[in-house]
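Raw contents of work-v1.txt, compact mmCIF, C-alpha atoms:
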# COMPACT_ATOMS: atom_id res chain seq x y z
CA MET A 703 54.80 -34.03 -17.10
CA LEU A 704 53.78 -31.55 -14.51
CA GLY A 705 50.88 -29.25 -15.26
CA LYS A 706 50.99 -25.49 -14.90
CA PRO A 707 50.64 -24.14 -11.37
CA PRO A 708 47.19 -22.70 -10.68
CA GLU A 709 46.73 -19.06 -11.55
CA PRO A 710 46.61 -16.77 -8.49
CA VAL A 711 43.08 -15.91 -7.46
CA THR A 712 42.25 -12.23 -7.29
CA ARG A 713 40.12 -11.52 -4.25
CA ARG A 714 37.65 -8.66 -4.43
CA ILE A 715 37.07 -6.54 -1.33
CA VAL A 716 34.34 -3.90 -1.51
CA VAL A 717 34.11 -1.21 1.16
CA ILE A 718 30.80 0.65 1.46
CA LEU A 719 31.42 4.18 2.72
CA GLY A 720 28.90 6.83 3.55
CA PRO A 721 26.12 5.58 5.86
CA SER A 722 27.99 6.33 9.09
CA GLY A 723 30.10 9.21 7.88
CA SER A 724 33.43 7.47 8.53
CA GLY A 725 36.15 6.28 6.20
CA GLN A 726 39.75 5.87 7.31
CA PRO A 727 39.02 3.99 10.57
CA LEU A 728 37.01 1.42 8.63
CA LEU A 729 39.73 1.01 6.01
CA ASN A 730 42.35 0.50 8.73
CA LEU A 731 40.56 -2.68 9.78
CA LEU A 732 41.36 -4.20 6.38
CA GLN A 733 45.13 -4.08 6.91
CA PRO A 734 45.52 -7.71 8.11
CA LEU A 735 43.70 -9.03 5.01
CA LEU A 736 45.85 -6.91 2.71
CA ASP A 737 49.02 -8.03 4.49
CA GLU A 738 48.02 -11.67 3.97
CA ASP A 739 47.29 -11.56 0.25
CA THR A 740 48.50 -9.17 -2.46
CA GLU A 741 46.19 -10.54 -5.16
CA ILE A 742 43.41 -8.15 -4.16
CA ASP A 743 41.17 -5.79 -6.04
CA LEU A 744 39.98 -3.09 -3.64
CA GLN A 745 36.81 -1.20 -4.50
CA GLY A 746 35.44 1.75 -2.54
CA ILE A 747 31.84 2.84 -2.93
CA PHE A 748 30.52 6.04 -1.40
CA VAL A 749 26.75 5.92 -0.98
CA GLU A 750 24.52 8.95 -1.13
CA GLU A 751 21.41 7.38 0.32
CA ASP A 752 17.91 8.21 -0.80
CA GLU A 753 17.35 10.11 2.45
CA LEU A 754 20.40 12.29 1.75
CA GLN A 755 19.15 13.16 -1.71
CA GLN A 756 15.77 14.16 -0.29
CA ALA A 757 17.43 16.25 2.43
CA ALA A 758 19.67 18.00 -0.10
CA ALA A 759 16.56 19.13 -2.01
CA LEU A 760 15.13 20.91 1.06
CA PRO A 761 15.81 24.62 1.76
CA PHE A 762 17.61 23.58 4.94
CA VAL A 763 18.08 20.64 7.33
CA ASN A 764 18.83 20.46 11.04
CA GLU A 765 22.02 18.66 12.05
CA VAL A 766 22.11 17.19 15.57
CA CYS A 767 25.48 16.55 17.18
CA ARG A 768 25.45 13.10 18.79
CA LEU A 769 27.90 14.17 21.53
CA THR A 770 26.40 17.48 22.66
CA LEU A 771 22.87 17.11 21.22
CA SER A 772 23.23 20.66 19.93
CA VAL A 773 21.30 21.55 16.75
CA ARG A 774 22.46 23.71 13.87
CA GLU A 775 20.72 24.67 10.66
CA ILE A 776 22.42 23.66 7.41
CA HIS A 777 21.20 25.20 4.17
CA SER A 778 21.07 23.32 0.89
CA PRO A 779 24.35 24.63 -0.63
CA GLN A 780 26.21 23.85 2.61
CA PHE A 781 24.70 20.38 2.68
CA ALA A 782 25.78 19.69 -0.91
CA ARG A 783 29.32 20.88 -0.14
CA ALA A 784 29.46 18.66 2.95
CA VAL A 785 28.46 15.58 0.94
CA ALA A 786 31.02 16.44 -1.75
CA LEU A 787 33.73 16.80 0.91
CA ARG A 788 32.85 13.43 2.42
CA THR A 789 33.03 11.85 -1.03
CA ARG A 790 36.49 13.31 -1.70
CA THR A 791 37.68 12.24 1.75
CA ALA A 792 36.51 8.67 1.14
CA ARG A 793 38.14 8.59 -2.31
CA ASN A 794 41.44 9.87 -0.92
CA ALA A 795 41.39 7.29 1.88
CA ILE A 796 40.86 4.42 -0.61
CA GLU A 797 43.59 5.73 -2.91
CA GLU A 798 46.08 6.14 -0.05
CA LEU A 799 45.47 2.64 1.28
CA ALA A 800 45.78 1.05 -2.17
CA ARG A 801 48.96 3.01 -2.92
CA ARG A 802 50.52 2.02 0.40
CA MET A 803 49.70 -1.66 -0.15
CA GLY A 804 50.50 -1.71 -3.86
CA ILE A 805 47.14 -3.13 -4.91
CA PRO A 806 44.71 -2.12 -7.68
CA HIS A 807 41.65 -0.17 -6.66
CA SER A 808 38.62 1.68 -7.93
CA PHE A 809 36.14 4.15 -6.47
CA GLN A 810 32.65 5.19 -7.37
CA ASN A 811 29.93 7.41 -5.99
CA VAL A 812 26.49 5.76 -5.98
CA ARG A 813 23.10 7.30 -5.29
CA GLY A 814 20.28 5.12 -4.04
CA SER A 815 19.57 2.55 -1.34
CA THR A 816 22.39 1.15 0.79
CA VAL A 817 20.38 -2.03 1.38
CA SER A 818 20.00 -2.65 -2.36
CA LEU A 819 23.68 -1.93 -2.94
CA LEU A 820 24.73 -4.28 -0.15
CA ARG A 821 22.53 -7.07 -1.48
CA GLU A 822 23.97 -6.75 -4.98
CA THR A 823 27.59 -6.33 -3.88
CA ALA A 824 27.67 -9.16 -1.33
CA ARG A 825 26.56 -11.63 -4.01
CA GLN A 826 29.63 -10.81 -6.11
CA ALA A 827 32.47 -9.62 -3.87
CA ASP A 828 34.58 -11.96 -1.77
CA ILE A 829 34.23 -9.66 1.24
CA THR A 830 31.90 -6.69 1.61
CA VAL A 831 32.67 -4.30 4.46
CA PHE A 832 30.35 -1.64 5.87
CA GLU A 833 29.43 0.22 9.02
CA PRO A 834 25.98 0.74 10.52
CA ARG A 835 24.29 4.07 10.00
CA LYS A 836 24.63 5.12 13.63
CA LEU A 837 27.73 3.99 15.44
CA PHE A 838 27.55 3.89 19.21
CA VAL A 839 28.98 7.08 20.72
CA ALA A 840 29.67 7.41 24.46
CA THR A 841 29.36 10.90 25.93
CA SER A 842 32.12 10.16 28.42
CA VAL A 843 34.85 7.53 28.56
CA SER A 844 35.80 6.05 31.91
CA PRO A 845 39.27 4.58 32.66
CA THR A 846 37.67 1.12 32.64
CA LEU A 847 36.30 1.64 29.12
CA LYS A 848 39.67 2.92 27.97
CA ARG A 849 41.26 -0.35 29.16
CA ASP A 850 38.49 -2.53 27.74
CA ARG A 851 38.52 -1.06 24.26
CA PHE A 852 41.87 -2.77 23.62
CA GLN A 853 40.19 -6.10 24.44
CA ARG A 854 37.25 -5.69 22.10
CA ARG A 855 36.48 -8.87 20.25
CA ILE A 856 36.13 -9.90 16.64
CA VAL A 857 32.83 -11.78 16.70
CA VAL A 858 32.06 -14.49 14.15
CA ALA A 859 28.44 -15.55 13.77
CA ILE A 860 28.05 -19.07 12.31
CA ASP A 861 24.83 -20.67 11.18
CA ASP A 862 26.01 -23.31 8.68
CA LEU A 863 29.21 -25.11 7.68
CA ALA A 864 29.71 -23.65 4.21
CA THR A 865 29.47 -19.95 5.04
CA GLY A 866 30.88 -20.48 8.53
CA ALA A 867 34.17 -21.87 7.22
CA MET A 868 34.87 -18.78 5.10
CA ALA A 869 33.92 -16.44 7.93
CA LEU A 870 36.22 -18.25 10.36
CA VAL A 871 39.24 -17.99 8.06
CA ALA A 872 38.60 -14.30 7.45
CA ALA A 873 38.24 -13.67 11.19
CA ARG A 874 41.50 -15.51 11.88
CA LEU A 875 43.29 -13.25 9.42
CA LEU A 876 41.64 -10.11 10.78
CA ALA A 877 42.77 -11.11 14.28
CA LYS A 878 46.29 -11.85 13.00
CA GLY A 879 46.00 -15.32 14.49
CA GLU A 880 45.34 -14.05 18.03
CA MET A 881 42.38 -16.22 18.99
CA SER A 882 42.05 -14.43 22.34
CA ARG A 883 40.52 -11.62 20.25
CA VAL A 884 37.89 -13.87 18.64
CA SER A 885 34.46 -14.82 19.98
CA ILE A 886 32.05 -17.11 18.16
CA LEU A 887 28.26 -17.07 18.09
CA LEU A 888 26.81 -20.46 17.18
CA SER A 889 23.28 -21.03 15.99
CA ALA A 890 22.45 -24.74 15.76
CA ALA A 891 19.11 -26.40 15.10
CA ASN A 892 20.00 -29.79 16.61
CA PRO A 893 22.82 -31.45 18.63
CA ALA A 894 24.31 -33.21 15.58
CA ARG A 895 24.62 -29.92 13.70
CA GLN A 896 26.06 -28.26 16.77
CA ALA A 897 28.77 -30.92 16.98
CA ALA A 898 29.64 -30.38 13.29
CA LEU A 899 29.96 -26.63 13.82
CA GLU A 900 32.21 -27.17 16.83
CA LYS A 901 34.41 -29.51 14.77
CA LEU A 902 34.65 -26.83 12.09
CA ILE A 903 36.03 -24.41 14.66
CA ASP A 904 38.56 -26.97 15.85
CA ASP A 905 39.68 -27.72 12.29
CA LEU A 906 40.09 -24.14 11.07
CA LEU A 907 41.40 -22.17 14.04
CA PRO A 908 44.98 -22.45 15.32
CA THR A 909 43.98 -22.29 19.00
CA THR A 910 40.84 -22.09 21.09
CA PRO A 911 38.88 -18.83 20.65
CA ALA A 912 38.15 -16.58 23.60
CA ASN A 913 34.66 -18.02 23.96
CA VAL A 914 31.82 -19.72 22.13
CA VAL A 915 28.26 -18.53 22.73
CA PHE A 916 25.28 -20.67 21.77
CA LEU A 917 22.34 -18.60 20.64
CA SER A 918 19.00 -19.52 22.16
CA ALA A 919 17.31 -19.39 18.76
CA PRO A 920 18.24 -18.81 15.11
CA GLY A 921 17.62 -15.52 13.36
CA VAL A 922 19.31 -12.19 12.66
CA ASN A 923 17.60 -10.51 15.62
CA HIS A 924 19.13 -12.94 18.14
CA MET A 925 22.55 -12.65 16.52
CA ILE A 926 22.48 -8.84 16.60
CA ALA A 927 21.35 -8.84 20.24
CA ALA A 928 24.24 -11.13 21.20
CA ALA A 929 26.75 -8.99 19.29
CA ARG A 930 25.45 -5.81 20.93
CA ALA A 931 25.63 -7.40 24.36
CA GLY A 932 29.33 -8.19 23.96
CA ASN A 933 32.35 -5.92 23.59
CA THR A 934 32.31 -6.31 19.79
CA ALA A 935 34.91 -4.54 17.64
CA MET A 936 33.68 -6.03 14.38
CA LEU A 937 31.18 -8.66 13.27
CA VAL A 938 32.15 -11.27 10.66
CA LEU A 939 29.32 -13.08 8.87
CA GLY A 940 29.18 -15.70 6.16
CA THR A 941 27.02 -14.47 3.28
CA SER A 942 23.75 -16.37 2.93
CA GLU A 943 20.45 -15.75 1.16
CA GLU A 944 18.74 -15.32 4.52
CA LEU A 945 21.24 -12.66 5.51
CA LEU A 946 20.85 -10.86 2.18
CA LYS A 947 17.13 -10.31 2.58
CA SER A 948 16.20 -6.64 2.77
CA GLU A 949 14.85 -7.05 6.31
CA SER A 950 18.10 -8.65 7.53
CA LEU A 951 20.36 -6.02 5.95
CA SER A 952 18.17 -3.23 7.33
CA LEU A 953 18.58 -4.68 10.81
CA LEU A 954 22.37 -4.90 10.43
CA LEU A 955 22.53 -1.28 9.21
CA GLY A 956 20.14 0.09 11.79
CA GLN A 957 20.87 -1.81 15.00
CA LEU A 958 24.55 -2.74 15.12
CA ARG A 959 27.27 -0.62 16.72
CA CYS A 960 30.30 -2.03 14.91
CA PRO A 961 31.69 -2.60 11.39
CA VAL A 962 30.43 -5.67 9.53
CA PHE A 963 32.34 -8.03 7.23
CA LEU A 964 30.14 -10.09 4.90
CA VAL A 965 32.24 -13.00 3.65
CA ARG A 966 31.21 -14.83 0.50
CA ARG A 967 34.54 -16.48 -0.34
CA TRP A 968 37.81 -16.22 1.52
CA ASP A 969 39.76 -19.44 1.84
CA GLY A 970 43.01 -17.70 2.64
CA THR A 971 46.48 -18.93 1.74
CA THR A 972 46.51 -21.97 4.03
CA ASP A 973 44.95 -25.34 3.45
CA ASN A 974 44.73 -27.05 6.80
CA LYS A 975 44.99 -26.69 10.54
CA ALA A 976 48.66 -27.67 10.64
CA LYS A 977 49.57 -24.71 8.45
CA LEU A 978 47.40 -22.41 10.52
CA ARG A 979 49.52 -23.17 13.54

Could you write out this file's structure as structure tokens?
Amino acid sequence: MLGKPPEPVTRRIVVILGPSGSGQPLLNLLQPLLDEDTEIDLQGIFVEEDELQQAAALPFVNEVCRLTLSVREIHSPQFARAVALRTRTARNAIEELARRMGIPHSFQNVRGSTVSLLRETARQADITVFEPRKLFVATSVSPTLKRDRFQRRIVVAIDDLATGAMALVAARLLAKGEMSRVSILLSAANPARQAALEKLIDDLLPTTPANVVFLSAPGVNHMIAAARAGNTAMLVLGTSEELLKSESLSLLLGQLRCPVFLVRRWDGTTDNKAKLR
């Protein structure tokens, strides 16, 4: 007598909106994951950081445009309206994406520390997505940069087998199987561990990635430096206790120039390399 088929697993994706002021562009990056699996619970969280609350209490604040470096004075009521508008925009973007994909969703506005929220969320969600506080903005775009932006890579940073496997599968889905879009950063303490990590890549990816970079030393600082040095479109990381330390999350929020995907669990809909092909 055959047993019942396993119940479908609902995967929880949490998108942290607010720190960088964006919304829709970040949500658009999720499309490949939503195309792959319909058993998804999408949660949007708009963060009003502690600094924003303090600024809103002041008589006025100075806003500096990152493109022109011009400064304008914003008074408290204007500031409050701007935050409310950003919240509504984020909510509408989440609702539109969920409606289009036919998946359940929720949205909440949270006041407090983004670092604390990230630490709590990443321990529970399957994937937590966020952007750094200050995205890189070029004051002029050359023809070469216009060509290169279509070749920007999805970078996967791997430090151990358990978290690395989940991150690799998520990156494969985000790249829609196009391994020419994927670069891998490997941090290995010894040759034996390095060989195991390389075997993991061979087992889980359908073809050879664009390149594999071996970090000179372990640590979040070295990983961020390598990601910044490359043409990185997004950074995919396996969730670990080391990564969830306040210092590590602060570095990711403050120093990166691209969206970040923290992967706790994402084994996808395929079981082996043969199916991946």

Problem set entry | Atomic separation - CA of Ile856 in chain A relative to CA of Pro893 in chain A, Å |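 Between CA of Pro893 in chain A and CA of Ile856 in chain A the gap is 25.4 Å.
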
Exercise. Which residues come within 6 Å of Gln745 in chain A, counting only C-alpha atoms, excluding same-chain residues fewer than 5 positions away, as JSON, numbers by chain?
Worked result: {"A": [716, 807, 808, 809]}

Seminar exercise, completed: Atom pair CA of Leu955 in chain A + CA of Arg835 in chain A, distance 5.7 Å

Exercise. Looking at all atoms listed in the file, which of A:Gln726, A:Gln733, A:Ser882, A:Thr816 is the one that sits closest to Arg793 in chain A?
Worked result: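 Distance minimum relative to Arg793 in chain A lands on A:Gln726.
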
Problem set entry | Residues within 6 Å of Arg854 in chain A, only C-alpha atoms, excluding chain neighbours under 4 positions, as number ranges by chain | A: 933-935

For this session: Pick out the residues sitting within 8 Å of range 957-962 of chain A, and hand them over as a list of chain:residue names; count only C-alpha atoms, and ignore anything fewer than 4 positions along from it in its own chain.
Result: A:Leu728, A:Val831, A:Phe832, A:Glu833, A:Pro834, A:Lys836, A:Leu837, A:Phe838, A:Ile926, A:Ala929, A:Arg930, A:Thr934, A:Ala935, A:Met936, A:Leu937, A:Val938, A:Leu939, A:Leu953

Name all residues at most 7 Å from Asp743 in chain A (count all atoms listed in the file; drop same-chain ones fewer than 2 positions away) and give them as a tab-separated table (two decimals) with C-alpha atoms, keeping the file's coordinate frame.
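The resulting out_35.tsv:
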chain	number	residue	atom	x	y	z
A	712	THR	CA	42.25	-12.23	-7.29
A	713	ARG	CA	40.12	-11.52	-4.25
A	714	ARG	CA	37.65	-8.66	-4.43
A	715	ILE	CA	37.07	-6.54	-1.33
A	741	GLU	CA	46.19	-10.54	-5.16
A	745	GLN	CA	36.81	-1.20	-4.50
A	805	ILE	CA	47.14	-3.13	-4.91
A	806	PRO	CA	44.71	-2.12	-7.68
A	807	HIS	CA	41.65	-0.17	-6.66

Exercise. Which residue, A:Ala927, A:Trp968, A:Thr791, A:Val711, has the smallest gap to Ala873 in chain A when you use only C-alpha atoms?
Worked result: A:Trp968

Which centre and which edge lengths, in Å to one decimal, describe the axis-aligned box that holds all listed atoms of range 934-942 of chain A after 6 Å is added on each side, as JSON?
{"center_x": 29.3, "center_y": -10.5, "center_z": 11.4, "size_x": 23.2, "size_y": 23.8, "size_z": 28.9}

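Between Ala928 in chain A and the candidates A:Leu744, A:Val915, A:Leu964, A:Ala792, the tightest atom-to-atom separation, counting all atoms listed in the file, involves A:Val915.
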
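Going from CA of Leu917 in chain A over to CA of Asp905 in chain A, you cover 21.3 Å.
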
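Shortest separation to Phe916 in chain A among A:Leu954, A:Ala931, A:Ala859, A:Leu902 occurs at residue A:Ala859, atoms counted being only C-alpha atoms.
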
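For the residues A:Ala795, A:Ala894, A:Leu945, A:Val884, ranking by smallest atom-to-atom distance to Arg855 in chain A using all atoms listed in the file places A:Val884 first.
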
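Distances to Asp904 in chain A were evaluated for A:Arg883, A:Pro920, A:Val871, A:Leu787 using all atoms listed in the file, and the minimum falls at A:Val871.
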
Problem set entry | Met881 in chain A environment, 7 Å, all atoms listed in the file, sequence neighbours closer than 3 positions dropped, as a PyMOL selection string | chain A and resi 877+884+909-912
